[in-house]
Amino acid sequence: MTQAEIKLCSLLLQEHFGEIVEKIGTYLIRTGTQPLRMIVSDTGLLLDQVKKALCVLIQHNLVTYQLQKRGFVEYEAQCKRVLRILRYPRYIYTAKTLYNDTGELIVEELLLNGKMTMSAVVRKVADRLTETMEDGKTMDYADVSNTFVRLADTHFVQRCPLVPETPENPDAPPPPAPTLVSNEKDMYVVPRLNLVGKGKRRRSCDEEENGEHKAKKQKQDGESSEPPPDDGIYWQVNIDRFHQHFRDQGIVSAVANRMDQTSSEIVRTMLRMSEVTTSSSAPYTQPLSSNEIFRSLPAGYNIVKQVLDQYLTLLADDPLEFVGKSGDSGGGMYTVSILCGQATCPSVFQFGSRCARIFRLLLRKKHLEQKQVEDFAMIPAKEAKDMLYKMLSENFVSLQEIPKTPDHAPSRTFYLYTVNVLSSARMLLHRCYKSVANLMERRQYETKENKRLLEKSQRVEAILASMQATGAEDAQLQEIEEMITAPERQQLENLKRNVNKIDASENQVDETIFVLESFIESTMKKP
C-alpha cells in the first residue's frame with residue numbers, strides 16, 4: 001500500500017462520509033486488521049462514534065470483519081474497494097446508457113446506501129422519477145421492478161451474503177459476530193414481489209400541515225403492519241460486472257482500431273453472448289460456434305455466413321490474438337481472449353512521439369544497444385542518447401550490463417536498454433493516484449475559497465424557488481436575482497467552469513487507472 005493510495009483513500013472517505021469515518025478508515029488502512037478496543041484506544045474517539053463509523057463502512061463494503069478463534073472480532077479495511085468510490089459516476093452513467101433513467105437511479109441508490117432491499121429501491125426510485133415528471137403523471141412500481149429484474153439478470157446487481165436462518169447448534173450462545181454465507185445459485189434470483197402502486201410527490205408545506213395528523217396515524221398503523229415480503233434480502237451493485245463491461249468495451253474499441261467496424265461488431269456479439277456465463281476473472285470467454293455467432297449478429301449487419309467465417313479466420317490469425325479457435329464443431333468454435341491487454345501497454349507520449357517510437361522499438365526487440373536504437377529508430381545519435389537517458393531517469397527504461405570479462409571493464413561490457421513493462425505500468429499507476437489526489441485537493445480549495453459566495457447563491461436560489469411556487473410577479477423575481485452582482489455572477493461562472501474541468505479530469509485519470517490496473521492484473525495472471 002503506497003502513500004499515494006492511502007492519501008487518496010483518506011480524501012475519498014472524507015468527501016463522502018465525513019471526518020469521523022475518514023479517521024477510522026484511514027487508521028485501518030494504515031495499521032491493517034484491528035479489534036474494536038484498539039481502534040477506540042488509538043483514534044481517541046468515543047466508543048459510540050467508532051461503532052457507528054464501522055457500521056457505515058461495513059454497510060458500504062469498505063470494511064470487513066472476521067471472528068477470531070479467541071472470541072473477539074477484528075476489522076479490516078478494503079483499500080481497493082475504497083478506491084472504487086472514484087468510479088461511481090462511471091457506474092451510474094453506464095447504467096443510464098444501458099437501462100435509461102430508471103437503471104441509473106437504481107444503481108445510484110444502491111451505491112449511495114450500500115445495501116438495500118428491492119422493495120425499498122423500487123419505491124425510492126419511483127418517487128424520484130415521479131418528482132421529475134409533469135403534473136398528473138407518475139411512475140408505476142411495476143416499471144421500476146422490471147428494470148431491476150433486467151439488472152439482476154445481467155448480473156449488474158446481486159444479492160448480499162445472508163446470516164444462516166438455522167444455527168448449527170441451537171442451544172449454544174450466539175457468536176459475537178454473525179458469519180455471512182452466500183448461495184451462488186440464488187445470487188441473481190429476484191424475489192417474487194407484488195409491488196402495486198405509483199411514485200409519490202413531495203407535498204408542499206401547507207399540505208404537510210393539513211396532513212400531519214393523517215401521517216402520524218399512518219405511521220402508527222405501519223408499525224403494526226407486516227414486514228415487506230423481501231425483508232432480509234438485500235442487494236448491492238456488482239462492481240466486477242461493471243468492470244467486465246468496461247473491459248469488453250475496451251476490447252471492442254481495440255479491434256475496431258486494429259481492423260474495421262464489422263470485426264468489432266463480431267467481437268461485441270461474442271462478448272455479449274458470453275457476458276453472463278463467463279467469469280470476470282476468466283482468461284477466455286466460453287467457446288461459441290460460428291453458427292451461434294451468425295444467428296446472434298445484429299439485424300443491421302447483413303453479412304453472409306461465408307463472410308463471417310472469413311472475418312473469424314482473420315481475427316484468429318491476427319498476431320494480437322483477440323480471437324482464438326478452440327475447435328471445429330458447429331462451423332468452428334471461437335473464444336475471445338480477455339488477456340489481450342498486452343497489446344495496449346503504457347507508452348511515453350509525454351516525452352514526444354520520438355520517445356514513444358524508441359519505447360515501442362524496445363518493447364518489440366526486448367534488448368538493444370544504444371547504436372542499435374539509433375539505427376532501428378532512425379534518430380540522430382545525440383537525440384537518441386538524450387531521449388534514452390531521459391526515459392532512464394524516469395524509470396521507463398532500464399539498463400542491463402552484460403560483461404565479457406569478470407572485471408566488468410566498461411570497454412569490455414555490453415550495455416543493453418530494455419523495458420520492464422510491469423514496473424512501468426505500476427509507476428504510471430502510482431502517478432495516476434497522486435494526480436487524482438491533487439485534483440481532489442484543488443477542488444476542495446476552490447470550493448473553500450468561494451464558500452461565502454456559494455452559500456449566498458444557494459440562499460438566493462431557495463428564495464426564488466419559494467417565490468415562484470407562490471406565484472410572485474416578474475418584477476419581484478428580478479429584484480431577488482439582482483442580489484447577486486455582476487462580478488459575483490462572473491466569479492460563480494468561473495468557479496463552476498473550473499470545478500467541471502477538475503471533475504472531467506478525475507474521470508479521465510480514472511479511465512487510465514482502470515486500463516493500468518487491468519493490464520497489471522492480466523499480466524500477473526499469465527503463466
# chains A, B, ... in the order shown; residues from 1 in each chain; ligands from 1
$ residues_around --residues "stretch 476-483 of chain A" --least-positions-apart "3" --cutoff "9 Å" --atoms "only C-alpha atoms" --output "PyMOL selection string"
chain A and resi 460-461+463-464+467-468+472-473+486
$ residues_around --residues "stretch 85-102 of chain A" --least-positions-apart "5" --cutoff "8 Å" --atoms "only C-alpha atoms" --output "list in words"
Leu12, Val107, Glu108, Leu111, Val125, Leu129, Val144, Thr147, Phe242, Asn507 and Asp510 of chain A
$ select_by_dssp --residues "stretch 360-410 of chain A" --states "strand (DSSP E or B)" --output "ChimeraX atom specification"
/A:368,398-403
$ write_last_selection --atoms "C-alpha atoms" --output "JSON list (two decimals), in the first residue's frame"
[["chain", "number", "residue", "atom", "x", "y", "z"],
["A", 368, "LEU", "CA", 19.09, -3.19, -27.79],
["A", 398, "SER", "CA", 16.28, 0.17, -17.66],
["A", 399, "LEU", "CA", 19.92, -0.56, -18.46],
["A", 400, "GLN", "CA", 21.31, -4.09, -18.29],
["A", 401, "GLU", "CA", 25.07, -4.76, -18.16],
["A", 402, "ILE", "CA", 26.47, -7.91, -19.79],
["A", 403, "PRO", "CA", 30.27, -8.10, -19.13]]
$ residues_around --residues "A:Asp248" --least-positions-apart "5" --cutoff "12 Å" --atoms "only C-alpha atoms" --output "ChimeraX atom specification"
/A:241-243,253-255,264-265,267-275,278,280,284-285,322,336-341,515,518
$ closest_residue --among "A:Leu162, A:Val419, A:Glu517, A:Glu449" --to "A:Arg360" --atoms "only C-alpha atoms"
A:Val419
$ closest_residue --among "A:Phe396, A:Lys365, A:Pro175, A:Ala377" --to "A:Arg70" --atoms "only C-alpha atoms"
A:Pro175
$ atom_distance --atom1 "atom CA of A:Ser326" --atom2 "atom CA of A:Ser279"
18.1 Å
$ atom_distance --atom1 "atom CA of A:Val304" --atom2 "atom CA of A:His245"
28.2 Å
$ residues_around --residues "stretch 182-192 of chain A" --least-positions-apart "4" --cutoff "6 Å" --atoms "only C-alpha atoms" --output "list in words"
Ala152, Gln158, Arg159 and Pro161 of chain A
$ write_last_selection --atoms "N, CA and C atoms" --output "PDB file, in the first residue's frame"
ATOM      1  N   ALA A 152     -30.592  -7.471 -12.586  1.00  0.00           N
ATOM      2  CA  ALA A 152     -30.201  -8.708 -11.901  1.00  0.00           C
ATOM      3  C   ALA A 152     -29.914  -9.821 -12.906  1.00  0.00           C
ATOM      4  N   GLN A 158     -26.523  -7.735  -7.405  1.00  0.00           N
ATOM      5  CA  GLN A 158     -26.505  -9.087  -6.857  1.00  0.00           C
ATOM      6  C   GLN A 158     -26.933  -9.061  -5.392  1.00  0.00           C
ATOM      7  N   ARG A 159     -27.325 -10.239  -4.916  1.00  0.00           N
ATOM      8  CA  ARG A 159     -27.726 -10.343  -3.509  1.00  0.00           C
ATOM      9  C   ARG A 159     -26.499 -10.243  -2.593  1.00  0.00           C
ATOM     10  N   PRO A 161     -24.510 -11.357   0.955  1.00  0.00           N
ATOM     11  CA  PRO A 161     -24.477 -12.562   1.809  1.00  0.00           C
ATOM     12  C   PRO A 161     -25.436 -12.411   2.991  1.00  0.00           C
TER      13      PRO A 161
END
$ residues_around --residues "A:Leu57" --least-positions-apart "5" --cutoff "12 Å" --atoms "only C-alpha atoms" --output "list of chain:residue names"
A:Leu13, A:His16, A:Phe17, A:Gly18, A:Ile20, A:Val21, A:Glu22, A:Lys23, A:Ile24, A:Gly25, A:Thr26, A:Leu28, A:Val50, A:Lys51, A:Lys52, A:Leu62, A:Val63, A:Thr64, A:Tyr65, A:Tyr75, A:Glu76, A:Ala77, A:Gln78, A:Cys79, A:Arg81, A:Val82, A:Asn113, A:Gly114, A:Lys115
$ closest_residue --among "A:Glu104, A:Asp153, A:Asp240, A:Asp309" --to "A:Ile293" --atoms "only C-alpha atoms"
A:Asp309
$ decode --residues "stretch 30-43 of chain A" --atoms "all heavy atoms" --output "short mmCIF file (atom, residue, chain, number, x, y, z; two decimals), in the first residue's frame"
data_model
loop_
_atom_site.label_atom_id
_atom_site.label_comp_id
_atom_site.auth_asym_id
_atom_site.auth_seq_id
_atom_site.Cartn_x
_atom_site.Cartn_y
_atom_site.Cartn_z
N ARG A 30 -3.94 2.04 7.35
CA ARG A 30 -2.52 2.16 7.73
C ARG A 30 -2.05 1.00 8.61
O ARG A 30 -0.92 0.53 8.47
CB ARG A 30 -2.29 3.48 8.46
CG ARG A 30 -2.37 4.71 7.57
CD ARG A 30 -2.01 5.97 8.35
NE ARG A 30 -2.15 7.16 7.54
CZ ARG A 30 -1.23 7.61 6.71
NH1 ARG A 30 -0.08 6.96 6.57
NH2 ARG A 30 -1.43 8.71 6.00
N THR A 31 -2.90 0.55 9.52
CA THR A 31 -2.46 -0.42 10.54
C THR A 31 -2.86 -1.86 10.22
O THR A 31 -2.33 -2.78 10.84
CB THR A 31 -3.04 -0.04 11.91
OG1 THR A 31 -4.47 -0.01 11.83
CG2 THR A 31 -2.53 1.33 12.34
N GLY A 32 -3.80 -2.06 9.30
CA GLY A 32 -4.24 -3.41 9.00
C GLY A 32 -5.37 -3.85 9.92
O GLY A 32 -6.12 -3.04 10.46
N THR A 33 -5.49 -5.17 10.13
CA THR A 33 -6.58 -5.73 10.93
C THR A 33 -6.44 -5.33 12.39
O THR A 33 -5.37 -5.49 12.98
CB THR A 33 -6.57 -7.27 10.79
OG1 THR A 33 -6.56 -7.62 9.41
CG2 THR A 33 -7.80 -7.87 11.44
N GLN A 34 -7.55 -4.82 12.97
CA GLN A 34 -7.53 -4.35 14.36
C GLN A 34 -8.85 -4.68 15.04
O GLN A 34 -9.91 -4.63 14.42
CB GLN A 34 -7.31 -2.83 14.42
CG GLN A 34 -5.96 -2.35 13.93
CD GLN A 34 -4.81 -2.75 14.85
OE1 GLN A 34 -5.03 -3.14 15.98
NE2 GLN A 34 -3.59 -2.66 14.33
N PRO A 35 -8.82 -5.02 16.37
CA PRO A 35 -10.06 -5.20 17.12
C PRO A 35 -10.65 -3.85 17.52
O PRO A 35 -9.98 -2.81 17.45
CB PRO A 35 -9.62 -6.01 18.34
CG PRO A 35 -8.19 -5.62 18.55
CD PRO A 35 -7.63 -5.34 17.18
N LEU A 36 -11.89 -3.87 17.98
CA LEU A 36 -12.59 -2.64 18.35
C LEU A 36 -11.87 -1.89 19.46
O LEU A 36 -11.75 -0.65 19.43
CB LEU A 36 -14.03 -2.99 18.78
CG LEU A 36 -14.92 -1.82 19.21
CD1 LEU A 36 -15.13 -0.85 18.04
CD2 LEU A 36 -16.27 -2.32 19.71
N ARG A 37 -11.36 -2.60 20.44
CA ARG A 37 -10.69 -1.95 21.57
C ARG A 37 -9.49 -1.14 21.12
O ARG A 37 -9.27 0.00 21.59
CB ARG A 37 -10.25 -3.03 22.58
CG ARG A 37 -9.51 -2.50 23.79
CD ARG A 37 -9.24 -3.64 24.76
NE ARG A 37 -8.53 -4.73 24.10
CZ ARG A 37 -7.20 -4.74 23.93
NH1 ARG A 37 -6.46 -3.74 24.33
NH2 ARG A 37 -6.62 -5.77 23.34
N MET A 38 -8.70 -1.67 20.20
CA MET A 38 -7.51 -0.96 19.71
C MET A 38 -7.90 0.26 18.87
O MET A 38 -7.25 1.30 18.92
CB MET A 38 -6.64 -1.90 18.88
CG MET A 38 -5.91 -2.95 19.70
SD MET A 38 -4.75 -2.23 20.87
CE MET A 38 -3.60 -1.41 19.78
N ILE A 39 -8.98 0.13 18.10
CA ILE A 39 -9.43 1.27 17.27
C ILE A 39 -9.83 2.44 18.16
O ILE A 39 -9.46 3.59 17.91
CB ILE A 39 -10.60 0.84 16.37
CG1 ILE A 39 -10.17 -0.29 15.42
CG2 ILE A 39 -11.11 2.02 15.55
CD1 ILE A 39 -11.32 -0.89 14.62
N VAL A 40 -10.60 2.14 19.22
CA VAL A 40 -11.03 3.20 20.14
C VAL A 40 -9.85 3.83 20.83
O VAL A 40 -9.75 5.06 20.96
CB VAL A 40 -12.03 2.62 21.17
CG1 VAL A 40 -12.38 3.68 22.21
CG2 VAL A 40 -13.29 2.12 20.49
N SER A 41 -8.90 2.99 21.26
CA SER A 41 -7.73 3.50 22.01
C SER A 41 -6.84 4.36 21.13
O SER A 41 -6.41 5.45 21.54
CB SER A 41 -6.94 2.32 22.57
OG SER A 41 -5.74 2.76 23.15
N ASP A 42 -6.56 3.92 19.91
CA ASP A 42 -5.58 4.62 19.06
C ASP A 42 -6.15 5.86 18.38
O ASP A 42 -5.42 6.81 18.11
CB ASP A 42 -5.02 3.66 18.00
CG ASP A 42 -4.16 2.56 18.62
OD1 ASP A 42 -3.82 2.69 19.81
OD2 ASP A 42 -3.84 1.58 17.93
N THR A 43 -7.44 5.86 18.07
CA THR A 43 -8.02 7.02 17.38
C THR A 43 -8.47 8.11 18.35
O THR A 43 -8.63 9.27 17.95
CB THR A 43 -9.23 6.60 16.53
OG1 THR A 43 -10.20 5.95 17.35
CG2 THR A 43 -8.79 5.65 15.42
#
